[in-house]
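**Q** Structure file my_file.cif, mmCIF, C-alpha atoms, is pasted below:
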data_query
loop_
_atom_site.label_atom_id
_atom_site.label_comp_id
_atom_site.auth_asym_id
_atom_site.auth_seq_id
_atom_site.Cartn_x
_atom_site.Cartn_y
_atom_site.Cartn_z
CA MET A 1 95.51 101.89 112.66
CA ARG A 2 92.62 103.53 114.49
CA LYS A 3 94.36 106.89 114.63
CA ALA A 4 95.25 106.66 110.92
CA ALA A 5 91.61 105.83 110.17
CA GLU A 6 90.49 108.89 112.15
CA LEU A 7 93.01 111.14 110.40
CA LEU A 8 91.96 109.87 106.96
CA ALA A 9 88.21 109.90 107.63
CA GLY A 10 86.33 111.10 104.57
CA ARG A 11 89.34 110.50 102.32
CA ALA A 12 89.99 106.78 102.71
CA ALA A 13 88.73 103.69 104.48
CA VAL A 14 91.39 102.10 106.67
CA VAL A 15 90.73 98.43 107.41
CA GLN A 16 92.70 95.72 109.12
CA ILE A 17 92.59 92.17 107.76
CA ASN A 18 93.67 89.04 109.59
CA THR A 19 95.60 87.06 106.96
CA GLU A 20 95.18 83.80 108.85
CA GLU A 21 91.41 84.20 108.67
CA ASN A 22 91.51 85.54 105.09
CA PRO A 23 94.22 83.60 103.22
CA GLY A 24 92.55 84.34 99.88
CA LEU A 25 93.10 88.07 100.33
CA ALA A 26 96.69 87.49 101.42
CA ALA A 27 97.28 85.48 98.23
CA ARG A 28 95.45 87.97 96.01
CA PHE A 29 97.66 90.83 97.16
CA ALA A 30 100.83 88.71 97.46
CA VAL A 31 101.31 89.46 101.16
CA ARG A 32 104.77 88.17 102.05
CA GLY A 33 105.24 89.87 105.39
CA ILE A 34 103.15 91.37 108.15
CA PRO A 35 102.41 94.17 108.71
CA VAL A 36 101.93 95.64 105.25
CA LEU A 37 99.63 98.42 104.06
CA HIS A 38 98.08 98.35 100.61
CA LEU A 39 96.61 101.38 98.89
CA LEU A 40 93.66 100.05 96.91
CA ARG A 41 91.48 101.67 94.32
CA LYS A 42 88.59 99.74 92.81
CA GLY A 43 90.07 96.51 94.17
CA ALA A 44 93.51 96.99 92.63
CA SER A 45 96.63 97.56 94.71
CA LEU A 46 98.25 100.84 93.67
CA ASP A 47 101.08 100.71 96.19
CA GLN A 48 102.19 98.98 99.37
CA LEU A 49 104.04 100.09 102.46
CA PRO A 50 105.70 97.27 104.43
CA GLY A 51 106.53 97.33 108.13
CA ALA A 52 105.03 98.98 111.18
CA GLN A 53 104.19 102.65 110.62
CA SER A 54 102.99 105.50 112.78
CA ALA A 55 99.59 107.03 112.03
CA GLU A 56 101.34 110.17 110.83
CA GLY A 57 103.58 108.09 108.54
CA ILE A 58 100.54 106.37 107.04
CA VAL A 59 98.81 109.71 106.43
CA ALA A 60 101.95 111.17 104.82
CA TRP A 61 102.33 108.09 102.58
CA PHE A 62 98.68 108.32 101.55
CA GLY A 63 99.05 112.02 100.81
CA ARG A 64 101.98 111.36 98.49
CA LYS A 65 99.88 108.78 96.62
CA GLU A 66 96.57 110.63 96.38
CA TRP A 67 95.00 111.15 93.00
CA GLY A 68 93.09 114.21 91.83
#
Could you show the structure in this file as structure tokens?

**A**
Amino acid sequence: MRKAAELLAGRAAVVQINTEENPGLAARFAVRGIPVLHLLRKGASLDQLPGAQSAEGIVAWFGRKEWG
């Protein structure tokens, strides 16, 4: 996650949430498995990517989902 955050600096904020400490967020975004990445814009989930991913995989996924 740290490397993905570094690679996406200035384009996106990458944060890690502990679902046990934040069950409300887990419910809000219907988290059914861990790990899962959510692409959020203005608080709404635009897409999700389940499973463990490399930093490069996260950056590539984000790049495919970017908006103008």

**Q** Mind pulling up the distance from CA of Ala60 in chain A to CA of Gly24 in chain A?

**A**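 So the two atoms, CA of Gly24 in chain A and CA of Ala60 in chain A, lie 28.9 Å apart.
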
**Q** When you draw a straight line from CA of Val15 in chain A to CA of Met1 in chain A, how long is it in Å?

**A**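 According to the coordinates, CA of Val15 in chain A and CA of Met1 in chain A are separated by 7.9 Å.
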
**Q** Nearest to Pro35 in chain A among A:Trp61, A:Asn22, A:Arg2, A:Pro50, with distances taken over all atoms listed in the file: which residue is it?

**A** A:Pro50

**Q** Evaluate the PyMOL selection byres ((chain A and resi 59) around 12) against this structure - the residues, as a PyMOL selection string, please.

**A** chain A and resi 1-9+11-14+37+39+49+53-58+60-66

**Q** Can you work out the spacing between CA of Gln48 in chain A and CA of Pro23 in chain A in Å, to one decimal?

**A**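 One can read the CA of Gln48 in chain A to CA of Pro23 in chain A distance as 17.7 Å.
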
**Q** I need the output of the PyMOL selection byres ((chain A and resi 29) around 10) for this file as a list in words; which residues are they?

**A** Gly24, Leu25, Ala26, Ala27, Arg28, Ala30, Val31, Arg32, His38, Gly43, Ala44, Ser45 and Gln48 of chain A

**Q** Selected residues, C-alpha atoms, written as a tab-separated table (two decimals), in the coordinates of the input, please.

**A**
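The resulting selection35.tsv:
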chain	number	residue	atom	x	y	z
A	24	GLY	CA	92.55	84.34	99.88
A	25	LEU	CA	93.10	88.07	100.33
A	26	ALA	CA	96.69	87.49	101.42
A	27	ALA	CA	97.28	85.48	98.23
A	28	ARG	CA	95.45	87.97	96.01
A	30	ALA	CA	100.83	88.71	97.46
A	31	VAL	CA	101.31	89.46	101.16
A	32	ARG	CA	104.77	88.17	102.05
A	38	HIS	CA	98.08	98.35	100.61
A	43	GLY	CA	90.07	96.51	94.17
A	44	ALA	CA	93.51	96.99	92.63
A	45	SER	CA	96.63	97.56	94.71
A	48	GLN	CA	102.19	98.98	99.37

**Q** If I wrap all listed atoms of range 23-39 of chain A in a box with edges along x, y and z and add 5 Å on each side, what are its centre and edge lengths in Å to one decimal, as lines of an AutoDock Vina configuration file?

**A**
center_x = 98.9
center_y = 92.5
center_z = 102.4
size_x = 22.7
size_y = 27.8
size_z = 22.7
